[in-house]
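Just data_4.cif here, mmCIF, C-alpha atoms:
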data_protein
loop_
_atom_site.label_atom_id
_atom_site.label_comp_id
_atom_site.auth_asym_id
_atom_site.auth_seq_id
_atom_site.Cartn_x
_atom_site.Cartn_y
_atom_site.Cartn_z
CA MET O 26 62.28 180.86 87.15
CA ALA O 27 62.80 180.12 83.46
CA ASN O 28 59.72 179.90 81.27
CA GLN O 29 58.67 176.33 80.82
CA THR O 30 57.97 175.06 77.31
CA PRO O 31 54.26 174.20 77.09
CA ALA O 32 53.47 170.51 76.73
CA PRO O 33 52.71 169.62 73.10
CA VAL O 34 49.11 169.04 72.16
CA PRO O 35 48.58 165.29 71.61
CA LYS O 36 48.24 163.98 68.09
CA LEU O 37 44.71 163.52 66.82
CA SER O 38 43.60 160.06 65.64
CA ILE O 39 40.77 159.18 63.27
CA GLU O 40 38.43 156.42 64.41
CA ALA O 41 36.04 156.17 61.46
CA ILE O 42 35.24 157.69 58.06
CA GLN O 43 31.75 157.35 56.64
CA THR O 44 29.82 158.71 53.67
CA VAL O 45 26.47 160.44 54.20
CA THR O 46 24.08 160.70 51.26
CA PRO O 47 20.54 162.12 51.04
CA VAL O 48 17.93 159.74 52.42
CA ARG O 49 16.13 159.93 49.08
CA ILE O 50 17.37 160.25 45.51
CA THR O 51 17.34 163.79 44.17
CA GLU O 52 14.75 163.66 41.43
CA GLN O 53 15.67 166.87 39.59
CA ARG O 54 19.42 167.30 39.30
CA GLN O 55 20.66 170.79 40.08
CA THR O 56 23.75 172.28 38.46
CA ARG O 57 25.85 175.29 39.33
CA GLN O 58 28.00 176.66 36.54
CA VAL O 59 31.47 177.86 37.54
CA LEU O 60 32.29 180.55 35.00
CA ALA O 61 36.05 180.96 35.27
CA GLY O 62 38.30 183.08 33.11
CA ASP O 63 41.21 181.64 31.18
CA GLY O 64 43.97 180.37 33.43
CA LEU O 65 41.84 180.41 36.61
CA VAL O 66 40.89 176.74 36.48
CA GLY O 67 43.98 175.70 38.40
CA PRO O 68 45.08 174.55 41.85
CA GLY O 69 43.56 177.57 43.59
CA ILE O 70 39.99 176.62 42.67
CA PHE O 71 40.49 173.04 43.82
CA GLN O 72 42.40 173.72 47.04
CA SER O 73 40.73 176.75 48.66
CA CYS O 74 38.12 176.03 51.32
CA PHE O 75 36.05 177.50 54.14
CA ASN O 76 36.55 176.04 57.63
CA MET O 77 34.58 176.29 60.86
CA VAL O 78 35.13 174.65 64.26
CA GLN O 79 32.47 174.72 66.97
CA TYR O 80 33.31 173.65 70.53
CA TYR O 81 30.75 172.09 72.86
CA THR O 82 30.96 171.18 76.52
CA GLN O 83 29.44 167.86 77.51
CA GLU O 84 26.60 168.39 79.98
CA ARG O 85 25.12 164.88 79.85
CA GLU O 86 26.27 161.47 78.62
CA GLU O 87 24.07 161.76 75.56
CA ASP O 88 25.87 165.01 74.67
CA SER O 89 29.07 163.12 73.80
CA GLY O 90 30.63 163.50 70.39
CA TRP O 91 30.11 159.78 69.75
CA HIS O 92 26.35 160.16 70.20
CA LEU O 93 26.33 163.34 68.14
CA ALA O 94 28.16 161.74 65.20
CA GLY O 95 25.72 158.85 65.24
CA TRP O 96 22.75 161.20 65.04
CA ILE O 97 24.51 163.28 62.36
CA LYS O 98 24.64 160.20 60.13
CA GLU O 99 20.82 160.27 60.20
CA THR O 100 19.98 163.97 60.35
CA LEU O 101 22.48 165.19 57.78
CA GLY O 102 21.02 162.77 55.26
CA ILE O 103 17.64 164.46 55.73
CA ALA O 104 19.13 167.97 55.52
CA LEU O 105 20.92 167.16 52.27
CA MET O 106 17.54 166.76 50.58
CA GLU O 107 17.01 170.49 51.21
CA GLN O 108 20.30 171.46 49.55
CA PRO O 109 21.60 168.54 47.42
CA MET O 110 24.33 170.68 45.89
CA ILE O 111 26.28 170.28 49.15
CA CYS O 112 26.78 166.56 48.50
CA GLY O 113 27.38 166.96 44.77
CA ARG O 114 30.61 166.93 42.80
CA LEU O 115 32.60 169.34 40.67
CA ARG O 116 33.28 168.24 37.12
CA LYS O 117 34.96 169.59 34.02
CA GLY O 118 33.24 170.07 30.70
CA GLU O 119 33.72 167.25 28.20
CA LYS O 120 34.66 169.58 25.34
CA ASN O 121 36.10 172.57 27.19
CA LYS O 122 38.20 171.71 30.25
CA GLN O 123 38.10 175.38 31.28
CA GLN O 124 34.38 175.02 31.97
CA LEU O 125 33.36 173.68 35.37
CA GLU O 126 30.06 172.87 37.00
CA ILE O 127 28.82 171.41 40.26
CA VAL O 128 26.15 168.78 39.86
CA SER O 129 23.89 167.44 42.63
CA ASN O 130 24.52 163.76 41.92
CA ASP O 131 23.99 162.53 45.53
CA SER O 132 27.58 161.27 45.82
CA GLY O 133 27.59 162.32 49.48
CA ILE O 134 29.72 164.09 52.06
CA ARG O 135 32.38 162.62 54.36
CA LEU O 136 31.75 162.23 58.10
CA ILE O 137 34.88 161.71 60.19
CA GLU O 138 34.94 160.62 63.83
CA ALA O 139 38.14 161.36 65.74
CA ARG O 140 39.57 161.63 69.22
CA ILE O 141 42.30 163.67 70.88
CA GLN O 142 43.76 162.92 74.30
CA ILE O 143 43.43 166.31 75.94
CA LYS O 144 40.63 167.97 77.89
CA LEU O 145 38.63 170.57 75.98
CA SER O 146 39.29 173.25 78.60
CA GLU O 147 43.03 172.61 78.39
CA PHE O 148 42.98 172.74 74.60
CA LEU O 149 41.11 176.06 74.50
CA GLU O 150 43.59 177.59 76.96
CA SER O 151 46.65 176.18 75.20
CA LYS O 152 49.05 178.61 73.55
CA GLN O 153 49.35 176.11 70.71
CA ARG O 154 45.65 176.17 69.89
CA GLU O 155 46.04 178.48 66.88
CA ASP O 156 48.75 176.22 65.44
CA VAL O 157 46.91 172.90 65.81
CA GLU O 158 43.25 173.92 65.45
CA ALA O 159 43.30 172.97 61.77
CA GLN O 160 43.52 169.31 62.87
CA LEU O 161 39.90 169.59 64.00
CA VAL O 162 38.65 169.94 60.42
CA PHE O 163 39.28 167.52 57.59
CA TRP O 164 39.86 168.77 54.09
CA LYS O 165 41.37 166.90 51.17
CA ASP O 166 42.07 168.98 48.09
CA ILE O 167 39.79 168.33 45.14
CA ASP O 168 41.55 166.21 42.54
CA GLU O 169 42.51 168.68 39.84
CA HIS O 170 42.46 166.09 37.05
CA ASN O 171 39.45 164.05 38.18
CA PRO O 172 37.38 166.40 40.39
CA GLN O 173 34.24 164.32 39.96
CA PHE O 174 35.54 161.86 42.56
CA SER O 175 36.26 164.41 45.33
CA PRO O 176 33.78 165.41 48.08
CA LEU O 177 33.10 169.13 48.44
CA PHE O 178 31.98 169.00 52.08
CA TYR O 179 33.37 167.34 55.22
CA VAL O 180 32.16 167.10 58.81
CA GLN O 181 34.55 166.01 61.57
CA VAL O 182 33.39 165.27 65.12
CA THR O 183 36.34 165.20 67.52
CA ASN O 184 35.99 163.79 71.03
CA PHE O 185 38.17 165.40 73.69
CA GLU O 186 39.27 163.61 76.82
CA CYS O 187 36.38 163.89 79.26
CA CYS O 188 33.52 166.30 78.82
CA GLY O 189 33.83 167.98 75.45
CA TYR O 190 33.81 167.64 71.68
CA SER O 191 34.02 169.77 68.56
CA ILE O 192 32.29 169.85 65.18
CA GLY O 193 34.62 170.76 62.32
CA ILE O 194 33.07 171.74 58.99
CA SER O 195 34.98 172.34 55.78
CA CYS O 196 33.69 172.92 52.27
CA SER O 197 34.85 174.07 48.88
CA ILE O 198 35.06 177.83 48.53
CA LEU O 199 32.49 177.45 45.74
CA LEU O 200 29.84 176.44 48.32
CA THR O 201 30.55 179.06 51.00
CA ASP O 202 27.41 181.06 50.24
CA LEU O 203 25.17 177.99 50.50
CA LEU O 204 26.39 177.38 54.05
CA LEU O 205 26.39 180.93 55.37
CA LYS O 206 23.70 182.91 53.56
CA LYS O 207 21.41 180.25 52.10
CA GLY O 208 21.00 178.81 55.58
CA PHE O 209 22.04 175.19 55.08
CA LEU O 210 23.75 174.90 58.47
CA LYS O 211 20.74 176.32 60.31
CA THR O 212 18.38 174.06 58.36
CA TRP O 213 20.50 171.07 59.30
CA ALA O 214 20.65 172.08 62.99
CA ASP O 215 16.85 172.51 63.12
CA ILE O 216 16.31 169.09 61.53
CA HIS O 217 18.83 167.54 63.93
CA ASN O 218 17.13 168.97 67.00
CA ASN O 219 13.67 167.90 65.81
CA VAL O 220 14.85 164.33 65.24
CA ILE O 221 16.50 164.21 68.68
CA SER O 222 13.40 165.56 70.44
CA ASN O 223 11.23 162.91 68.76
CA ASN O 224 13.54 160.07 69.82
CA ASN O 225 13.65 160.55 73.58
CA ASN O 226 13.16 156.83 74.18
CA GLN O 227 16.15 155.88 72.05
CA LYS O 228 19.28 156.17 74.20
CA SER O 229 21.82 155.69 71.40
CA PRO O 230 21.63 156.41 67.68
CA LEU O 231 21.71 153.58 65.18
CA PHE O 232 25.22 154.52 64.02
CA TYR O 233 26.83 154.72 67.48
CA LEU O 234 30.53 154.02 66.91
CA PRO O 235 31.50 152.71 70.39
CA GLY O 236 28.69 150.18 70.08
CA LEU O 237 29.71 149.10 66.59
CA LYS O 238 33.47 148.87 66.49
CA SER O 239 35.66 146.11 67.88
CA THR O 240 37.45 146.86 71.14
CA ASN O 241 40.49 144.81 70.10
CA GLY O 242 43.53 146.64 68.87
CA SER O 243 44.33 150.34 68.83
CA SER O 244 42.79 153.18 66.90
CA PRO O 245 44.29 154.10 63.53
CA ASP O 246 46.84 156.86 63.93
CA LEU O 247 45.98 159.19 61.05
CA ILE O 248 46.22 162.93 60.68
CA THR O 249 43.72 165.04 58.80
CA SER O 250 44.78 166.42 55.46
CA THR O 251 44.35 170.16 55.82
CA SER O 252 46.34 173.35 55.35
CA SER O 253 47.51 175.68 58.07
CA LYS O 254 44.91 177.89 59.70
CA ASN O 255 47.34 180.80 59.64
CA SER O 256 47.93 180.89 55.89
CA ALA O 257 45.69 183.95 55.39
CA LYS O 258 43.85 186.82 57.08
CA THR O 259 40.21 187.67 56.44
CA MET O 260 37.91 190.67 56.84
CA ILE O 261 34.14 190.73 56.26
CA PHE O 262 31.96 193.65 55.15
CA THR O 263 28.24 194.17 54.63
CA ILE O 264 26.87 196.73 52.17
CA ASN O 265 23.24 197.83 51.99
CA THR O 266 22.33 197.65 48.31
CA GLY O 267 18.56 198.12 48.47
CA THR O 268 16.40 196.48 45.86
CA GLY O 269 17.72 195.14 42.59
CA THR O 270 20.71 193.00 41.67
CA PRO O 271 24.13 194.73 41.59
CA GLY O 272 25.82 194.79 38.20
CA SER O 273 29.23 193.32 37.46
CA GLU O 274 31.01 196.69 37.29
CA TRP O 275 29.53 197.75 40.66
CA CYS O 276 30.67 194.46 42.16
CA ARG O 277 34.22 195.01 40.92
CA LYS O 278 34.28 198.53 42.39
CA MET O 279 33.02 197.34 45.77
CA ALA O 280 35.40 194.38 45.76
CA LEU O 281 38.36 196.72 45.23
CA ALA O 282 37.10 199.20 47.84
CA CYS O 283 36.75 196.42 50.44
CA LEU O 284 40.14 194.99 49.47
CA GLU O 285 41.84 198.33 50.03
CA GLU O 286 40.04 198.76 53.36
CA ALA O 287 41.25 195.28 54.39
CA GLU O 288 44.80 196.14 53.31
CA ASN O 289 44.77 199.17 55.62
CA ASN O 290 43.30 197.27 58.57
CA LEU O 291 45.44 194.15 58.20
CA ALA O 292 48.66 196.01 57.39
CA SER O 293 49.03 193.98 54.19
CA VAL O 294 49.76 195.07 50.65
CA VAL O 295 48.32 193.03 47.79
CA GLY O 296 49.98 192.96 44.40
CA GLY O 297 48.40 194.23 41.23
CA GLU O 298 45.83 191.45 40.84
CA PHE O 299 43.24 189.70 42.94
CA CYS O 300 40.63 187.03 42.35
CA LEU O 301 36.92 187.94 42.46
CA ILE O 302 34.36 185.25 43.25
CA LEU O 303 30.81 186.42 42.62
CA ASN O 304 27.91 184.26 43.78
CA GLU O 305 25.33 185.42 41.26
CA SER O 306 22.73 182.76 42.04
CA LEU O 307 22.29 179.12 42.96
CA GLU O 308 22.87 178.27 39.30
CA VAL O 309 25.91 180.45 38.53
CA ILE O 310 29.12 181.46 40.27
CA LYS O 311 31.76 183.59 38.53
CA VAL O 312 35.51 183.46 39.13
CA GLU O 313 37.58 186.15 37.45
CA SER O 314 40.93 187.85 37.72
CA CYS O 315 40.78 191.57 38.48
CA SER O 316 43.52 194.15 38.21
CA LYS O 317 43.66 196.83 40.86
CA GLN O 318 44.63 199.28 38.14
CA GLY O 319 41.85 198.11 35.83
CA VAL O 320 38.96 198.91 38.17
CA LEU O 321 37.64 202.45 38.38
CA MET O 322 37.22 203.63 41.95
CA GLY O 323 34.19 205.42 43.25
CA HIS O 324 31.02 204.19 44.93
CA ASP O 325 28.10 205.60 46.91
CA LYS O 326 27.63 202.80 49.42
CA GLU O 327 28.78 202.55 53.01
CA MET O 328 30.94 199.55 53.89
CA ASN O 329 30.15 198.18 57.34
CA HIS O 330 32.65 195.97 59.11
CA ALA O 331 31.19 192.59 60.04
CA GLY O 332 32.32 189.25 61.44
CA TRP O 333 31.64 185.56 61.05
CA ASP O 334 28.99 185.84 63.76
CA ASP O 335 27.03 188.23 61.53
CA LEU O 336 26.86 185.44 58.94
CA GLY O 337 25.33 183.04 61.46
CA ALA O 338 28.40 180.99 62.33
CA ASN O 339 27.74 181.09 66.09
CA ALA O 340 23.99 180.43 65.99
CA LEU O 341 24.06 176.66 65.52
CA CYS O 342 22.74 174.56 68.36
CA PHE O 343 22.95 170.77 68.11
CA GLY O 344 20.97 169.44 71.04
CA ASP O 345 18.80 170.96 73.75
CA GLY O 346 20.17 174.47 74.15
CA ASN O 347 23.80 173.36 73.95
CA LYS O 348 25.27 176.32 72.06
CA PRO O 349 28.88 176.32 70.88
CA ALA O 350 31.48 178.33 72.72
CA PRO O 351 33.68 179.40 71.12
CA VAL O 352 33.49 179.20 67.29
CA SER O 353 36.46 179.57 64.94
CA CYS O 354 36.18 180.31 61.21
CA TRP O 355 38.83 180.81 58.57
CA LEU O 356 39.45 180.53 54.84
CA THR O 357 42.36 178.65 53.34
CA SER O 358 43.75 180.71 50.49
CA MET O 359 45.37 179.11 47.47
CA LEU O 360 44.18 181.84 45.11
CA GLY O 361 46.42 184.61 46.35
CA ALA O 362 44.28 187.54 47.46
CA PHE O 363 40.61 186.94 46.74
CA VAL O 364 37.26 188.60 47.35
CA ILE O 365 33.94 186.75 47.65
CA LEU O 366 30.73 188.69 46.98
CA ILE O 367 27.47 187.15 48.20
CA PRO O 368 24.48 189.32 47.21
CA THR O 369 21.20 188.85 49.07
CA THR O 370 17.83 190.59 48.80
CA SER O 371 18.93 193.93 50.25
CA THR O 372 22.60 193.54 51.22
CA THR O 373 25.83 192.26 49.75
CA ASN O 374 28.30 190.41 51.95
CA VAL O 375 31.95 190.80 51.01
CA ILE O 376 34.64 188.45 52.32
CA VAL O 377 38.23 189.58 51.70
CA THR O 378 41.07 187.12 52.23
CA ILE O 379 44.73 188.07 51.94
CA PRO O 380 47.48 185.42 52.18
CA ASN O 381 50.07 186.04 54.85
CA ASP O 382 52.87 186.04 52.27
CA ASN O 383 51.16 189.09 50.70
CA THR O 384 52.08 188.06 47.18
CA GLY O 385 48.67 188.81 45.79
CA LYS O 386 49.30 186.47 42.89
CA ILE O 387 46.68 184.17 41.42
#
Final structure tokens representation of the file:
Amino acid sequence: MANQTPAPVPKLSIEAIQTVTPVRITEQRQTRQVLAGDGLVGPGIFQSCFNMVQYYTQEREEDSGWHLAGWIKETLGIALMEQPMICGRLRKGEKNKQQLEIVSNDSGIRLIEARIQIKLSEFLESKQREDVEAQLVFWKDIDEHNPQFSPLFYVQVTNFECCGYSIGISCSILLTDLLLKKGFLKTWADIHNNVISNNNNQKSPLFYLPGLKSTNGSSPDLITSTSSKNSAKTMIFTINTGTGTPGSEWCRKMALACLEEAENNLASVVGGEFCLILNESLEVIKVESCSKQGVLMGHDKEMNHAGWDDLGANALCFGDGNKPAPVSCWLTSMLGAFVILIPTTSTTNVIVTIPNDNTGKI
């Protein structure tokens, strides 16, 4: 019998788009300087993002994605008070357009509610999953000329047909460390669960879409604006650094060492240059172009292979013990090959991303 062509995955439709802001005004504005070298303030900075999709089975009616999105409208507003940079905006300097900074101006994040006419179990087993999974996260490139109007963080809740939903999270590459190592996602999940447990008598959240929208007419047929999931390959490393803050030269050496290890493991060859993104602190992030020939090799630290799970991507639980299974994470690369260094108290996390075209150009 000839192989049958698998049925196409139905098109996703967006039901609502909302803005979530902190429940209180941020009194002391925070800023994060983006120190970029000449020529690096270009499309790559504005288009590259981190993506994560978590899948949840529906065990009870109140576990539906519609209920979840309604509660998210409330709980995310509380969580944003803990890390207001997430709902801030990127802006260019007034005098020097090569200077960028993120400011916590409470402009808010985007919350998207969507539906797709396929069962979750069928979607996860589909051979087309890898090709269409990017529909489950929403990302719109930051406006290169007027970045101050573009959100840096999106949440998309997608309802599957019968018994399942997903949470898609996307954020600017300049905020990746705040999500994964500064614990924003865990903080948000803890706040969400506490609010739910204290509202047992309230069957539906205040912002419950099926209870708010008109039943006349059909849903808007829109597709999320996002790049392909398969545009790049990523490897993650952890390095025990002990006490003290690593210096810039050490960071360059380790970035190159991890890049070469990723090249060997991913069977990819990067060109002569790569982009280094160094999360120095909450206040400063550096973006610089590095030459593979311009970095001296040699280091005394062991590079340990890691995964997204080691950065806490699979530990989020929204609801009473309803853990995600599975979780997908990926980086969209518009910077050519790039390396993100996220130092912590005793370790440094290194994320290496190589585009599938292997150009290695910035």
Polymer residues at most 10 Å from Glu305 (chain O), all atoms listed in the file, same-chain spacing of 5 or more positions, as a PDB file with C-alpha atoms, in the coordinates of the input:
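Saved to part18.pdb:
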ATOM      1  CA  THR O 270      20.710 193.000  41.670  1.00  0.00           C
ATOM      2  CA  PRO O 271      24.130 194.730  41.590  1.00  0.00           C
ATOM      3  CA  GLY O 272      25.820 194.790  38.200  1.00  0.00           C
ATOM      4  CA  SER O 273      29.230 193.320  37.460  1.00  0.00           C
ATOM      5  CA  ILE O 310      29.120 181.460  40.270  1.00  0.00           C
ATOM      6  CA  LYS O 311      31.760 183.590  38.530  1.00  0.00           C
ATOM      7  CA  LEU O 366      30.730 188.690  46.980  1.00  0.00           C
ATOM      8  CA  ILE O 367      27.470 187.150  48.200  1.00  0.00           C
ATOM      9  CA  PRO O 368      24.480 189.320  47.210  1.00  0.00           C
ATOM     10  CA  THR O 369      21.200 188.850  49.070  1.00  0.00           C
TER      11      THR O 369
END
Please provide the set of residues having any atom within 9 Å of region 94-108 of chain O, restricted to all atoms listed in the file, with same-chain residues fewer than 4 positions apart removed, written as number ranges by chain.
O: 43-51, 89-90, 112, 129, 131, 133, 136-138, 181-182, 203, 209-210, 212-214, 216-218, 220-221, 229-234
Given all atoms listed in the file as the basis, pick out the residue of O:Phe174, O:Trp355, O:Phe163, O:Trp275 nearest to Ile194 (chain O).
O:Phe163
Within 6 Å of region 70-85 of chain O using all atoms listed in the file, minus same-chain residues under 5 positions, as an mmCIF file with C-alpha atoms, in the coordinates of the input:
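Heads up, here's the output in selection-v6.cif:
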data_model
loop_
_atom_site.group_PDB
_atom_site.id
_atom_site.type_symbol
_atom_site.label_atom_id
_atom_site.label_comp_id
_atom_site.auth_asym_id
_atom_site.auth_seq_id
_atom_site.Cartn_x
_atom_site.Cartn_y
_atom_site.Cartn_z
ATOM 1 C CA ASP O 166 42.070 168.980 48.090
ATOM 2 C CA ILE O 167 39.790 168.330 45.140
ATOM 3 C CA CYS O 188 33.520 166.300 78.820
ATOM 4 C CA GLY O 189 33.830 167.980 75.450
ATOM 5 C CA TYR O 190 33.810 167.640 71.680
ATOM 6 C CA SER O 191 34.020 169.770 68.560
ATOM 7 C CA ILE O 192 32.290 169.850 65.180
ATOM 8 C CA GLY O 193 34.620 170.760 62.320
ATOM 9 C CA ILE O 194 33.070 171.740 58.990
ATOM 10 C CA SER O 195 34.980 172.340 55.780
ATOM 11 C CA CYS O 196 33.690 172.920 52.270
ATOM 12 C CA SER O 197 34.850 174.070 48.880
ATOM 13 C CA ILE O 198 35.060 177.830 48.530
ATOM 14 C CA PRO O 349 28.880 176.320 70.880
ATOM 15 C CA ALA O 350 31.480 178.330 72.720
ATOM 16 C CA PRO O 351 33.680 179.400 71.120
ATOM 17 C CA VAL O 352 33.490 179.200 67.290
ATOM 18 C CA SER O 353 36.460 179.570 64.940
ATOM 19 C CA CYS O 354 36.180 180.310 61.210
ATOM 20 C CA TRP O 355 38.830 180.810 58.570
ATOM 21 C CA LEU O 356 39.450 180.530 54.840
ATOM 22 C CA THR O 357 42.360 178.650 53.340
ATOM 23 C CA SER O 358 43.750 180.710 50.490
ATOM 24 C CA MET O 359 45.370 179.110 47.470
#
Axis-aligned box for all listed atoms of region 97-116 of chain O, 8 Å per side, centre and edges in Å to one decimal, as AutoDock Vina command-line options:
--center_x 25.1 --center_y 165.8 --center_z 49.7 --size_x 32.3 --size_y 27.3 --size_z 41.2
Which distance in Å separates CA of Ile111 (chain O) and CA of Ala41 (chain O), to one decimal?
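One can read the CA of Ile111 (chain O) to CA of Ala41 (chain O) distance as 21.1 Å.
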Starting from the shown file, work through the PyMOL selection byres ((chain O and resi 360) around 7) and note down what comes out as a ChimeraX atom specification.
/O:69,300,358-359,361-363,387
Okay, now the selection with C-alpha atoms, as a compact mmCIF listing (two decimals), keeping the file's coordinate frame?
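The resulting file, again.txt, is shown below:
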# COMPACT_ATOMS: atom_id res chain seq x y z
CA GLY O 69 43.56 177.57 43.59
CA CYS O 300 40.63 187.03 42.35
CA SER O 358 43.75 180.71 50.49
CA MET O 359 45.37 179.11 47.47
CA GLY O 361 46.42 184.61 46.35
CA ALA O 362 44.28 187.54 47.46
CA PHE O 363 40.61 186.94 46.74
CA ILE O 387 46.68 184.17 41.42
Point-to-point distance in Å for CA of Gly118 (chain O) and CA of Glu298 (chain O)
26.8 Å
Quick one: everything within 9 Å of Gly332 (chain O), counting only C-alpha atoms, minus sequence neighbours fewer than 2 positions away in the same chain. Send it as number ranges by chain.
O: 260-262, 330, 334-336
Point-to-point distance in Å for CA of Ala159 (chain O) and CA of Val294 (chain O)
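Distance between the two atoms: 25.6 Å.
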